[in-house]
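Structure file upload15.cif with mmCIF, C-alpha atoms and all ligand atoms:
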data_protein
loop_
_atom_site.label_atom_id
_atom_site.label_comp_id
_atom_site.auth_asym_id
_atom_site.auth_seq_id
_atom_site.Cartn_x
_atom_site.Cartn_y
_atom_site.Cartn_z
CA MET A 1 -10.29 -3.76 17.72
CA PRO A 2 -10.40 -7.43 16.78
CA SER A 3 -12.72 -9.63 18.78
CA PRO A 4 -11.33 -11.54 21.79
CA SER A 5 -9.88 -15.02 21.33
CA SER A 6 -12.75 -16.78 23.12
CA THR A 7 -15.09 -15.92 20.24
CA THR A 8 -12.88 -17.48 17.55
CA THR A 9 -12.38 -21.08 16.63
CA ALA A 10 -9.14 -22.82 15.72
CA ASP A 11 -8.39 -22.72 12.02
CA PRO A 12 -6.27 -25.59 10.74
CA ALA A 13 -5.23 -23.53 7.70
CA ALA A 14 -3.48 -21.08 9.98
CA SER A 15 -2.12 -23.57 12.50
CA ALA A 16 1.52 -22.64 11.84
CA ALA A 17 0.95 -19.08 13.09
CA PRO A 18 1.12 -18.60 16.87
CA CYS A 19 -2.27 -16.88 17.02
CA LEU A 20 -5.36 -16.28 14.94
CA PRO A 21 -5.52 -13.07 12.90
CA GLU A 22 -8.38 -11.88 15.13
CA ASP A 23 -6.21 -12.22 18.22
CA VAL A 24 -3.28 -10.09 17.14
CA ARG A 25 -2.51 -7.29 19.60
CA ARG A 26 1.11 -6.40 18.76
CA VAL A 27 2.46 -5.52 15.34
CA ALA A 28 6.05 -4.69 14.43
CA CYS A 29 6.85 -2.14 11.71
CA VAL A 30 10.41 -2.46 10.42
CA GLY A 31 11.54 0.45 8.29
CA ALA A 32 9.69 3.60 9.32
CA GLY A 33 9.75 5.98 6.37
CA VAL A 34 6.78 7.05 4.28
CA ILE A 35 5.21 3.58 4.15
CA GLY A 36 6.41 2.02 7.43
CA GLY A 37 5.29 5.20 9.20
CA GLY A 38 1.95 5.07 7.39
CA TRP A 39 1.48 1.44 8.43
CA ALA A 40 2.37 2.30 12.03
CA ALA A 41 -0.24 5.10 12.01
CA HIS A 42 -2.84 2.69 10.60
CA PHE A 43 -2.18 -0.05 13.14
CA LEU A 44 -2.14 2.43 16.06
CA ALA A 45 -5.46 3.89 14.92
CA ARG A 46 -6.87 0.37 14.83
CA GLY A 47 -5.90 -0.08 18.49
CA TYR A 48 -2.83 -2.27 18.14
CA ASP A 49 0.39 -1.96 20.10
CA VAL A 50 3.11 -1.11 17.60
CA THR A 51 6.84 -1.63 17.95
CA ALA A 52 8.96 0.03 15.28
CA TRP A 53 12.59 -0.11 14.28
CA ASP A 54 14.52 1.84 11.66
CA PRO A 55 18.32 2.26 11.55
CA ALA A 56 18.26 5.99 10.68
CA PRO A 57 19.42 8.15 13.61
CA ASP A 58 16.44 10.51 13.29
CA ALA A 59 13.91 7.74 12.59
CA ALA A 60 12.01 7.99 15.89
CA VAL A 61 11.50 11.73 15.52
CA ARG A 62 10.43 11.40 11.88
CA LEU A 63 8.08 8.54 12.69
CA ARG A 64 6.34 10.33 15.55
CA ARG A 65 6.02 13.44 13.36
CA LEU A 66 4.45 11.41 10.53
CA ILE A 67 1.98 9.74 12.90
CA ALA A 68 1.04 13.06 14.51
CA ALA A 69 0.41 14.56 11.06
CA ALA A 70 -1.78 11.58 10.09
CA TRP A 71 -3.73 11.51 13.34
CA PRO A 72 -6.35 14.20 12.47
CA ALA A 73 -7.30 12.19 9.37
CA LEU A 74 -7.40 9.01 11.44
CA GLU A 75 -9.65 10.68 14.02
CA GLN A 76 -12.02 11.59 11.20
CA LEU A 77 -12.02 7.98 10.03
CA GLY A 78 -12.81 6.91 13.60
CA LEU A 79 -10.29 5.48 16.03
CA ALA A 80 -10.69 2.00 17.52
CA ASP A 81 -11.37 1.78 21.27
CA GLY A 82 -8.13 2.37 23.13
CA ALA A 83 -6.26 3.59 20.06
CA SER A 84 -3.44 5.91 21.01
CA GLN A 85 -0.18 7.25 19.65
CA ASP A 86 1.24 6.29 23.08
CA ARG A 87 0.99 2.63 22.11
CA LEU A 88 4.00 3.10 19.85
CA THR A 89 7.39 1.90 21.06
CA VAL A 90 10.44 2.72 18.97
CA THR A 91 13.19 0.22 19.71
CA THR A 92 16.92 0.52 19.25
CA THR A 93 17.33 -2.94 17.72
CA LEU A 94 15.46 -4.95 15.15
CA GLU A 95 15.43 -7.94 17.51
CA GLU A 96 13.62 -5.98 20.25
CA ALA A 97 11.06 -4.70 17.76
CA VAL A 98 9.96 -8.14 16.64
CA ALA A 99 10.62 -10.20 19.81
CA GLU A 100 6.94 -10.26 20.82
CA ALA A 101 5.35 -9.37 17.49
CA GLN A 102 2.32 -11.31 16.30
CA PHE A 103 2.71 -9.82 12.82
CA VAL A 104 5.65 -8.06 11.16
CA GLN A 105 5.38 -5.49 8.34
CA GLU A 106 8.69 -4.79 6.62
CA SER A 107 8.95 -1.44 4.80
CA ALA A 108 12.66 -0.97 4.14
CA PRO A 109 14.10 0.57 0.95
CA GLU A 110 13.34 -1.13 -2.36
CA LYS A 111 16.69 -2.85 -2.84
CA LEU A 112 16.68 -6.58 -3.48
CA ASP A 113 19.82 -7.50 -1.52
CA LEU A 114 18.73 -5.38 1.42
CA LYS A 115 15.27 -7.02 1.46
CA ARG A 116 16.81 -10.51 1.24
CA ASP A 117 19.13 -9.91 4.20
CA LEU A 118 16.53 -8.08 6.24
CA LEU A 119 13.83 -10.72 5.76
CA ALA A 120 16.36 -13.39 6.83
CA ARG A 121 17.19 -11.35 9.95
CA LEU A 122 13.51 -10.84 10.73
CA ASP A 123 12.87 -14.54 10.24
CA ALA A 124 15.67 -15.35 12.70
CA ALA A 125 14.40 -12.86 15.30
CA ALA A 126 10.59 -13.09 15.16
CA PRO A 127 8.67 -15.69 17.18
CA ALA A 128 8.29 -19.00 15.34
CA GLY A 129 5.40 -18.97 12.90
CA THR A 130 4.73 -15.21 13.10
CA VAL A 131 3.84 -14.06 9.59
CA ILE A 132 6.22 -11.49 8.09
CA ALA A 133 4.96 -9.29 5.24
CA SER A 134 6.99 -7.10 2.91
CA SER A 135 5.63 -3.81 1.57
CA THR A 136 7.68 -4.21 -1.61
CA SER A 137 6.12 -2.46 -4.56
CA GLY A 138 7.39 -4.97 -7.09
CA TYR A 139 9.85 -7.69 -6.06
CA PRO A 140 8.41 -11.19 -6.24
CA MET A 141 8.61 -12.89 -2.83
CA THR A 142 10.37 -15.82 -4.53
CA ASP A 143 13.34 -13.49 -5.15
CA MET A 144 13.33 -12.06 -1.61
CA GLN A 145 12.89 -15.20 0.49
CA THR A 146 16.12 -16.88 -0.66
CA GLU A 147 18.13 -16.35 2.56
CA ALA A 148 15.46 -17.07 5.18
CA ALA A 149 15.52 -20.26 7.26
CA ASP A 150 11.70 -20.37 7.29
CA PRO A 151 10.60 -18.85 3.96
CA GLY A 152 7.16 -20.38 4.44
CA ARG A 153 5.99 -17.48 6.59
CA LEU A 154 7.12 -14.68 4.26
CA VAL A 155 4.47 -12.91 2.16
CA VAL A 156 4.10 -9.71 0.19
CA GLY A 157 1.59 -7.24 1.67
CA HIS A 158 1.73 -4.37 -0.81
CA PRO A 159 0.02 -1.19 0.44
CA PHE A 160 -0.86 2.12 -1.21
CA ASN A 161 0.30 5.46 0.03
CA PRO A 162 -0.80 6.41 2.61
CA PRO A 163 -1.57 2.99 4.11
CA TYR A 164 -3.68 4.66 6.81
CA LEU A 165 -6.14 6.00 4.21
CA ILE A 166 -6.03 3.90 1.06
CA PRO A 167 -7.77 0.61 1.89
CA LEU A 168 -6.14 -1.71 -0.66
CA VAL A 169 -3.41 -4.19 0.20
CA GLU A 170 -2.25 -6.80 -2.34
CA VAL A 171 -1.21 -10.11 -0.79
CA VAL A 172 0.81 -12.82 -2.51
CA GLY A 173 3.31 -15.49 -1.53
CA GLY A 174 6.45 -16.76 -3.20
CA GLU A 175 7.30 -20.25 -4.41
CA ARG A 176 8.40 -21.24 -0.90
CA THR A 177 5.62 -19.47 1.03
CA ALA A 178 3.12 -21.71 2.81
CA PRO A 179 -0.40 -21.11 1.47
CA ALA A 180 -1.54 -20.93 5.12
CA ALA A 181 0.67 -17.86 5.62
CA VAL A 182 -0.95 -16.12 2.64
CA ASP A 183 -4.41 -16.96 4.02
CA TRP A 184 -3.42 -15.82 7.49
CA ALA A 185 -2.04 -12.49 6.24
CA SER A 186 -5.11 -11.86 4.09
CA ARG A 187 -7.39 -12.48 7.04
CA PHE A 188 -5.27 -10.38 9.34
CA TYR A 189 -5.30 -7.37 6.99
CA ALA A 190 -9.08 -7.68 6.64
CA VAL A 191 -9.48 -7.76 10.44
CA ALA A 192 -7.18 -4.73 10.60
CA GLY A 193 -9.51 -2.79 8.31
CA LYS A 194 -7.88 -3.20 4.91
CA SER A 195 -9.44 -4.17 1.56
CA VAL A 196 -7.51 -7.24 0.48
CA ILE A 197 -6.79 -8.70 -2.93
CA THR A 198 -5.09 -12.08 -2.57
CA MET A 199 -3.24 -13.32 -5.63
CA ASP A 200 -2.87 -17.06 -6.22
CA ARG A 201 0.35 -16.54 -8.23
CA GLU A 202 3.18 -14.02 -8.51
CA VAL A 203 1.74 -11.55 -10.99
CA PRO A 204 4.53 -9.22 -12.25
CA GLY A 205 3.90 -5.78 -10.71
CA PHE A 206 0.98 -7.26 -8.72
CA ILE A 207 -2.36 -5.97 -10.04
CA ALA A 208 -2.85 -2.32 -9.12
CA ASN A 209 0.80 -1.38 -9.57
CA ARG A 210 0.87 -3.08 -12.96
CA LEU A 211 -2.01 -0.82 -14.01
CA GLN A 212 -0.35 2.25 -12.49
CA GLU A 213 2.92 1.40 -14.19
CA ALA A 214 1.23 1.37 -17.59
CA LEU A 215 -0.26 4.81 -16.93
CA TRP A 216 3.00 6.14 -15.51
CA ARG A 217 5.02 4.82 -18.45
CA GLU A 218 2.77 6.73 -20.85
CA ALA A 219 2.87 9.86 -18.67
CA LEU A 220 6.68 9.88 -18.72
CA HIS A 221 6.69 9.13 -22.42
CA MET A 222 4.48 12.14 -23.12
CA VAL A 223 6.64 14.45 -20.97
CA ALA A 224 9.82 13.15 -22.65
CA SER A 225 8.43 13.72 -26.12
CA GLY A 226 6.94 17.11 -25.26
CA GLU A 227 3.41 15.87 -25.98
CA ALA A 228 2.10 16.95 -22.55
CA THR A 229 3.27 18.87 -19.51
CA VAL A 230 3.33 17.48 -15.98
CA ALA A 231 0.38 19.76 -15.12
CA GLU A 232 -1.64 18.58 -18.11
CA ILE A 233 -1.03 14.94 -17.19
CA ASP A 234 -2.21 15.47 -13.63
CA ALA A 235 -5.25 17.50 -14.69
CA SER A 236 -6.16 14.92 -17.33
CA ILE A 237 -6.67 12.38 -14.53
CA THR A 238 -8.06 14.53 -11.69
CA GLU A 239 -10.50 16.33 -14.01
CA GLY A 240 -11.23 13.23 -16.07
CA PRO A 241 -11.10 9.47 -15.52
CA GLY A 242 -9.81 9.78 -11.94
CA LEU A 243 -13.22 11.05 -10.86
CA ARG A 244 -14.90 7.92 -12.23
CA TRP A 245 -12.28 5.48 -10.96
CA ALA A 246 -13.03 6.20 -7.30
CA VAL A 247 -16.57 5.02 -7.98
CA MET A 248 -16.15 2.30 -10.61
CA GLY A 249 -13.04 0.59 -11.97
CA PRO A 250 -11.83 0.80 -15.57
CA MET A 251 -13.80 -2.27 -16.68
CA LEU A 252 -17.29 -1.26 -15.54
CA THR A 253 -16.54 2.36 -16.48
CA PHE A 254 -15.90 1.27 -20.06
CA ALA A 255 -18.91 -1.07 -20.02
CA LEU A 256 -20.96 2.10 -19.62
CA ALA A 257 -19.25 3.52 -22.72
CA GLY A 258 -21.24 0.89 -24.66
CA GLY A 259 -24.59 2.37 -23.58
CA GLU A 260 -27.41 -0.15 -23.34
CA GLY A 261 -25.18 -2.64 -25.16
CA GLY A 262 -22.64 -2.57 -22.31
CA MET A 263 -19.13 -3.97 -22.71
CA ALA A 264 -20.05 -6.11 -25.74
CA HIS A 265 -21.12 -3.06 -27.71
CA MET A 266 -18.14 -1.06 -26.43
CA LEU A 267 -15.76 -3.78 -27.77
CA ASP A 268 -17.63 -4.10 -31.09
CA HIS A 269 -17.69 -0.34 -31.51
CA PHE A 270 -14.25 0.72 -30.29
CA GLY A 271 -12.21 -2.52 -30.23
CA PRO A 272 -10.52 -2.15 -33.62
CA SER A 273 -9.67 1.52 -33.03
CA LEU A 274 -8.20 0.74 -29.57
CA LYS A 275 -5.78 -1.83 -30.94
CA SER A 276 -3.49 0.76 -32.47
CA PRO A 277 -2.71 2.52 -29.13
CA TRP A 278 -1.95 -0.83 -27.46
CA THR A 279 0.60 -1.76 -30.06
CA ARG A 280 2.43 1.56 -30.26
CA LEU A 281 3.08 2.03 -26.52
CA GLU A 282 6.76 2.00 -25.58
CA ALA A 283 8.84 2.68 -22.48
CA PRO A 284 10.62 6.04 -22.24
CA GLU A 285 14.30 6.39 -21.27
CA LEU A 286 14.47 7.95 -17.79
CA ASP A 287 17.39 10.20 -18.73
CA ARG A 288 18.52 13.38 -17.00
CA ALA A 289 16.36 15.65 -19.16
CA LEU A 290 13.19 13.68 -18.36
CA TYR A 291 14.14 13.46 -14.68
CA ASP A 292 14.60 17.25 -14.50
CA ALA A 293 11.41 17.95 -16.45
CA VAL A 294 9.29 15.79 -14.15
CA VAL A 295 10.83 17.20 -10.95
CA ALA A 296 10.47 20.81 -12.17
CA GLY A 297 6.91 20.13 -13.37
CA CYS A 298 5.92 18.79 -9.95
CA GLU A 299 7.48 21.79 -8.20
CA GLU A 300 5.51 24.09 -10.49
CA ALA A 301 2.33 22.10 -9.87
CA ALA A 302 2.86 22.33 -6.08
CA ASP A 303 2.82 26.10 -6.53
CA GLY A 304 4.53 26.86 -3.23
CA ARG A 305 2.74 24.18 -1.19
CA SER A 306 5.15 22.15 0.97
CA ILE A 307 5.10 18.35 1.06
CA ALA A 308 3.34 18.60 4.46
CA ASP A 309 0.70 20.90 2.90
CA LEU A 310 0.19 18.45 0.03
CA VAL A 311 -0.07 15.47 2.41
CA ALA A 312 -2.75 17.27 4.44
CA GLU A 313 -4.60 18.28 1.26
CA ARG A 314 -4.45 14.72 -0.10
CA ASP A 315 -5.66 13.26 3.21
CA ARG A 316 -8.63 15.66 3.35
CA GLY A 317 -9.50 14.89 -0.26
CA VAL A 318 -9.28 11.11 0.14
CA ILE A 319 -11.49 11.25 3.24
CA ASP A 320 -14.04 13.33 1.29
CA VAL A 321 -13.98 10.76 -1.53
CA LEU A 322 -14.34 7.85 0.93
CA ARG A 323 -17.36 9.63 2.43
CA ALA A 324 -18.88 10.60 -0.91
CA THR A 325 -18.64 7.04 -2.21
CA GLY A 326 -20.20 5.52 0.90
CA ARG A 327 -17.04 3.83 2.16
CA LEU A 328 -17.27 6.02 5.26
CA PRO A 329 -20.36 7.44 7.00
CA ARG A 330 -21.18 10.89 5.59
CA SER A 331 -22.02 12.36 9.02
CA ALA A 332 -21.90 11.55 12.73
CA GLU A 333 -25.65 10.89 12.50
CA GLU A 334 -25.19 8.36 9.70
CA ALA A 335 -22.37 6.70 11.67
CA THR A 336 -24.70 5.93 14.59
CA ARG A 337 -27.61 4.74 12.42
N1 LIG B 401 6.47 5.27 -1.20
C1 LIG B 401 5.43 4.61 -1.73
O1 LIG B 401 4.52 5.22 -2.32
C2 LIG B 401 5.30 3.14 -1.59
C3 LIG B 401 6.38 2.35 -1.20
N2 LIG B 401 6.21 0.98 -1.04
C4 LIG B 401 7.31 0.14 -0.62
O2 LIG B 401 7.54 0.38 0.77
C5 LIG B 401 8.92 0.17 1.09
C6 LIG B 401 9.47 1.39 1.79
O3 LIG B 401 9.36 2.49 0.91
P1 LIG B 401 9.25 3.99 1.47
O4 LIG B 401 8.59 4.00 2.79
O5 LIG B 401 8.68 4.78 0.36
O6 LIG B 401 10.77 4.36 1.63
P2 LIG B 401 11.43 5.48 2.60
O7 LIG B 401 12.73 5.82 2.00
O8 LIG B 401 10.46 6.56 2.88
O9 LIG B 401 11.64 4.67 3.95
C7 LIG B 401 12.52 3.59 4.07
C8 LIG B 401 12.98 3.53 5.50
O10 LIG B 401 13.74 2.35 5.67
C9 LIG B 401 14.80 2.65 6.54
N3 LIG B 401 15.86 1.66 6.34
C10 LIG B 401 17.04 1.78 5.66
N4 LIG B 401 17.72 0.63 5.74
C11 LIG B 401 16.98 -0.23 6.48
C12 LIG B 401 17.16 -1.55 6.93
N5 LIG B 401 18.24 -2.26 6.63
N6 LIG B 401 16.18 -2.11 7.70
C13 LIG B 401 15.07 -1.43 8.01
N7 LIG B 401 14.84 -0.16 7.62
C14 LIG B 401 15.78 0.43 6.85
C15 LIG B 401 15.23 4.07 6.17
O11 LIG B 401 15.93 4.69 7.24
C16 LIG B 401 13.86 4.70 5.91
O12 LIG B 401 13.34 5.33 7.06
C17 LIG B 401 9.61 -0.15 -0.24
O13 LIG B 401 9.70 -1.54 -0.37
C18 LIG B 401 8.66 0.42 -1.27
O14 LIG B 401 8.73 -0.19 -2.51
C19 LIG B 401 4.99 0.37 -1.23
C20 LIG B 401 3.91 1.12 -1.60
C21 LIG B 401 3.98 2.54 -1.85
C1 LIG B 402 5.50 4.55 -6.60
N1 LIG B 402 5.21 3.20 -6.09
C2 LIG B 402 5.47 2.23 -7.14
C3 LIG B 402 6.13 2.95 -4.97
C4 LIG B 402 3.79 3.22 -5.69
C5 LIG B 402 3.24 1.98 -5.07
O1 LIG B 402 3.86 0.94 -4.92
C6 LIG B 402 1.82 2.01 -4.62
C7 LIG B 402 1.18 3.35 -4.45
O2 LIG B 402 1.11 3.87 -3.36
O3 LIG B 402 0.70 3.88 -5.46
#
Will you turn the file into structure tokens for me?
Amino acid sequence: MPSPSSTTTADPAASAAPCLPEDVRRVACVGAGVIGGGWAAHFLARGYDVTAWDPAPDAAVRLRRLIAAAWPALEQLGLADGASQDRLTVTTTLEEAVAEAQFVQESAPEKLDLKRDLLARLDAAAPAGTVIASSTSGYPMTDMQTEAADPGRLVVGHPFNPPYLIPLVEVVGGERTAPAAVDWASRFYAVAGKSVITMDREVPGFIANRLQEALWREALHMVASGEATVAEIDASITEGPGLRWAVMGPMLTFALAGGEGGMAHMLDHFGPSLKSPWTRLEAPELDRALYDAVVAGCEEAADGRSIADLVAERDRGVIDVLRATGRLPRSAEEATR
């Protein structure tokens, strides 16, 4: 859990927020599907009180089921003192959910008009100054903050699925966001156990999603043109570059492709031959045939495993990778060293 308020000093950069990031105790999660539920699980495991609201009639049941399914993985990661699924309150109105929130994470469907209206409602209902973050996977905050009375406190806090296991969150403001709100959110996420990349401008697609989109575009293109199957695309990453990327990003990985000469030799050696792939890449048409091929390919790849089976398998695998790469202690003995 974050340290108590007496150990922190006032920070003028965050003076608009009602409390310091280290002092947050109550977080609201608005929208409680895959990502909102994942955020709720993360914040509960970190010892926060969580209030959640979602308009779907079965939302509370779904949310509690998602958190219960995530909890074994979270126990392996190590729960904060006092962390409990019982610290979740599912409210019947949005206003109740955010009334006492010290931070709000919005994870509603990716529809621009919906986000605009919802962020304005959250802004009207949340305590003055409380920072409100959107999980959007691509809308610039400038486009979402248009209806809010206090757009200065609205930021993007883009997570990766599942937010309770993948450390990264990308933080960026919009044209009308106060820089102090971006700083506050970045600090809060770090206190709450996330790895934070803070952008100083609205990068289209943020950073990680922009990279994923390039890969995904090519994957779809290859399926559409019959160049590769869904299974081959997945295996090409899990049996190939994906193994390296958990250890070292694409830049340092390719620096090693240059041997002793590092990136300079890699560029001298391969640069001219790499230019042709960059210039021939094009976006595929997501037509019915491609849609069906990708869905059927994924069903075949799942080979009878349910979504719940795959979630559990992914969670176990990610925890193993976090351990193997030293991001988590490898054993109970190492944890106490
Ligand atoms: N699924 C993913 O891998 C990722 C999604 N995101 C972003 O997270 C956000 C949520 O996406 P998912 O959780 O995947 O969607 P989802 O469809 O699983 O969940 C959305 C939830 O929002 C609720 N909802 C509908 N209308 C609402 C409203 N007016 N106010 C509040 N809640 C409402 C729905 O009942 C549903 O439970 C989107 O902005 C998405 O781009 C970000 C990172 C990864
Ligand atoms: C598919 N997606 C664009 C919604 C994915 C993300 O935004 C991040 C992730 O979890 O990979």
From the options A:Asp287, A:Glu22, A:Asp183, A:Glu213, which residue's atoms come nearest to ligand LIG 402 (chain B), counting all atoms listed in the file?
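Smallest distance to ligand LIG 402 (chain B) is found for A:Glu213.
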Selection as number ranges by chain: residues within 9 Å of ligand LIG 402 (chain B) by all atoms listed in the file:
A: 35, 110, 135-138, 158-163, 166, 205, 208-209, 212-213
Residues within 10 Å of ligand LIG 401 (chain B), counting all atoms listed in the file: report them as a PyMOL selection string.
chain A and resi 29-39+52-60+62-63+94+105-119+121-122+134-139+156-163+169+209
Quick one: pull the distance between CA of Arg176 in chain A and CA of Ala97 in chain A, Å, one decimal.
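Separation between CA of Arg176 in chain A and CA of Ala97 in chain A: 25.1 Å.
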Name the residues in contact with Val223 in chain A at a cut-off of 12 Å, using all atoms listed in the file, excluding same-chain residues fewer than 3 positions from it; report them as a count of residues only.
28
Which one of A:Met263, A:Met222, A:Leu168, A:Met199 sits closest to Pro250 in chain A if you count all atoms listed in the file?
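For Pro250 in chain A, the nearest of the given residues is A:Met263.
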Students should find that CA of Leu79 in chain A and CA of Ala45 in chain A are spaced 5.2 Å
Could you give me, as a list in words, the residues that have an atom at most 12 Å away from the point (-11.7, 4.9, -22.0) in the coordinates of the file, using all atoms listed in the file?
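The answer, in the requested form, is Ile237, Gly240, Pro241, Gly242, Arg244, Trp245, Gly249, Pro250, Met251, Leu252, Thr253, Phe254, Ala255, Leu256, Ala257, Gly258, Met263, Met266, Leu267, Phe270, Gly271, Ser273, Leu274 and Pro277 of chain A.
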Å distance separating CA of Ala149 in chain A from CA of Asp123 in chain A, one decimal place
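Distance reported for this atom pair: 7.0 Å.
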Any idea what's packed within 10 Å of Pro140 in chain A, counting only C-alpha atoms, ignoring anything in its chain fewer than 4 positions away? Could you give it as a list of chain:residue names?
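Listing them by chain and then by number gives A:Leu112, A:Thr136, A:Met144, A:Gln145, A:Val155, A:Val156, A:Val172, A:Gly173, A:Gly174, A:Glu175, A:Arg201, A:Glu202, A:Val203, A:Pro204, A:Gly205, A:Phe206.
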Can I get the selected residues back with C-alpha atoms, as a PDB file, keeping the file's coordinate frame?
ATOM      1  CA  LEU A 112      16.680  -6.580  -3.480  1.00  0.00           C
ATOM      2  CA  THR A 136       7.680  -4.210  -1.610  1.00  0.00           C
ATOM      3  CA  MET A 144      13.330 -12.060  -1.610  1.00  0.00           C
ATOM      4  CA  GLN A 145      12.890 -15.200   0.490  1.00  0.00           C
ATOM      5  CA  VAL A 155       4.470 -12.910   2.160  1.00  0.00           C
ATOM      6  CA  VAL A 156       4.100  -9.710   0.190  1.00  0.00           C
ATOM      7  CA  VAL A 172       0.810 -12.820  -2.510  1.00  0.00           C
ATOM      8  CA  GLY A 173       3.310 -15.490  -1.530  1.00  0.00           C
ATOM      9  CA  GLY A 174       6.450 -16.760  -3.200  1.00  0.00           C
ATOM     10  CA  GLU A 175       7.300 -20.250  -4.410  1.00  0.00           C
ATOM     11  CA  ARG A 201       0.350 -16.540  -8.230  1.00  0.00           C
ATOM     12  CA  GLU A 202       3.180 -14.020  -8.510  1.00  0.00           C
ATOM     13  CA  VAL A 203       1.740 -11.550 -10.990  1.00  0.00           C
ATOM     14  CA  PRO A 204       4.530  -9.220 -12.250  1.00  0.00           C
ATOM     15  CA  GLY A 205       3.900  -5.780 -10.710  1.00  0.00           C
ATOM     16  CA  PHE A 206       0.980  -7.260  -8.720  1.00  0.00           C
TER      17      PHE A 206
END
Which residue, A:Ala124, A:Tyr164, A:Thr177, A:Ala264, has the smallest gap to Thr142 in chain A when you use all atoms listed in the file?
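Closest residue, counting all atoms listed in the file: A:Thr177.
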Distance table requested - range 181-229 of chain A against range 318-329 of chain A, cut-off 12 Å, only C-alpha atoms: one row per qualifying residue with the closest atom pair and its distance in Å to one decimal, ordered by chain and rising residue number, as a tab-separated table.
residue	atom	partner	partner_atom	distance
A:Gly193	CA	A:Arg327	CA	11.8
A:Lys194	CA	A:Arg327	CA	11.9
A:Ser195	CA	A:Arg327	CA	11.1
So for range 266-272 of chain A, what box centre and size do we get, axis-aligned, 5 Å extra on each of the six sides, every listed atom, Å to one decimal, as lines of an AutoDock Vina configuration file?
center_x = -14.3
center_y = -1.7
center_z = -30.0
size_x = 17.6
size_y = 14.8
size_z = 17.2
So which one's closest to Tyr189 in chain A, A:Glu147, A:Val104, A:Arg153, A:Leu74? Using only C-alpha atoms, please.
A:Val104
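When only C-alpha atoms are used to compute distances to Ala69 in chain A, the closest of the residues A:Ala41, A:Arg210, A:Thr51, A:Ser84 turns out to be A:Ala41.
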List as a PDB file with C-alpha atoms, keeping the file's coordinate frame the protein and nucleic acid residues near Arg187 in chain A, meaning an atom at most 12 Å away when only C-alpha atoms are counted, but skip any in the same chain fewer than 4 places from it.
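Output below, filename out.pdb:
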ATOM      1  CA  PRO A   2     -10.400  -7.430  16.780  1.00  0.00           C
ATOM      2  CA  ASP A  11      -8.390 -22.720  12.020  1.00  0.00           C
ATOM      3  CA  ALA A  13      -5.230 -23.530   7.700  1.00  0.00           C
ATOM      4  CA  ALA A  14      -3.480 -21.080   9.980  1.00  0.00           C
ATOM      5  CA  LEU A  20      -5.360 -16.280  14.940  1.00  0.00           C
ATOM      6  CA  PRO A  21      -5.520 -13.070  12.900  1.00  0.00           C
ATOM      7  CA  GLU A  22      -8.380 -11.880  15.130  1.00  0.00           C
ATOM      8  CA  ASP A  23      -6.210 -12.220  18.220  1.00  0.00           C
ATOM      9  CA  VAL A  24      -3.280 -10.090  17.140  1.00  0.00           C
ATOM     10  CA  PHE A 103       2.710  -9.820  12.820  1.00  0.00           C
ATOM     11  CA  VAL A 131       3.840 -14.060   9.590  1.00  0.00           C
ATOM     12  CA  GLY A 157       1.590  -7.240   1.670  1.00  0.00           C
ATOM     13  CA  VAL A 169      -3.410  -4.190   0.200  1.00  0.00           C
ATOM     14  CA  VAL A 171      -1.210 -10.110  -0.790  1.00  0.00           C
ATOM     15  CA  ALA A 180      -1.540 -20.930   5.120  1.00  0.00           C
ATOM     16  CA  ALA A 181       0.670 -17.860   5.620  1.00  0.00           C
ATOM     17  CA  VAL A 182      -0.950 -16.120   2.640  1.00  0.00           C
ATOM     18  CA  ASP A 183      -4.410 -16.960   4.020  1.00  0.00           C
ATOM     19  CA  VAL A 191      -9.480  -7.760  10.440  1.00  0.00           C
ATOM     20  CA  ALA A 192      -7.180  -4.730  10.600  1.00  0.00           C
ATOM     21  CA  GLY A 193      -9.510  -2.790   8.310  1.00  0.00           C
ATOM     22  CA  LYS A 194      -7.880  -3.200   4.910  1.00  0.00           C
ATOM     23  CA  SER A 195      -9.440  -4.170   1.560  1.00  0.00           C
ATOM     24  CA  VAL A 196      -7.510  -7.240   0.480  1.00  0.00           C
ATOM     25  CA  ILE A 197      -6.790  -8.700  -2.930  1.00  0.00           C
ATOM     26  CA  THR A 198      -5.090 -12.080  -2.570  1.00  0.00           C
TER      27      THR A 198
END
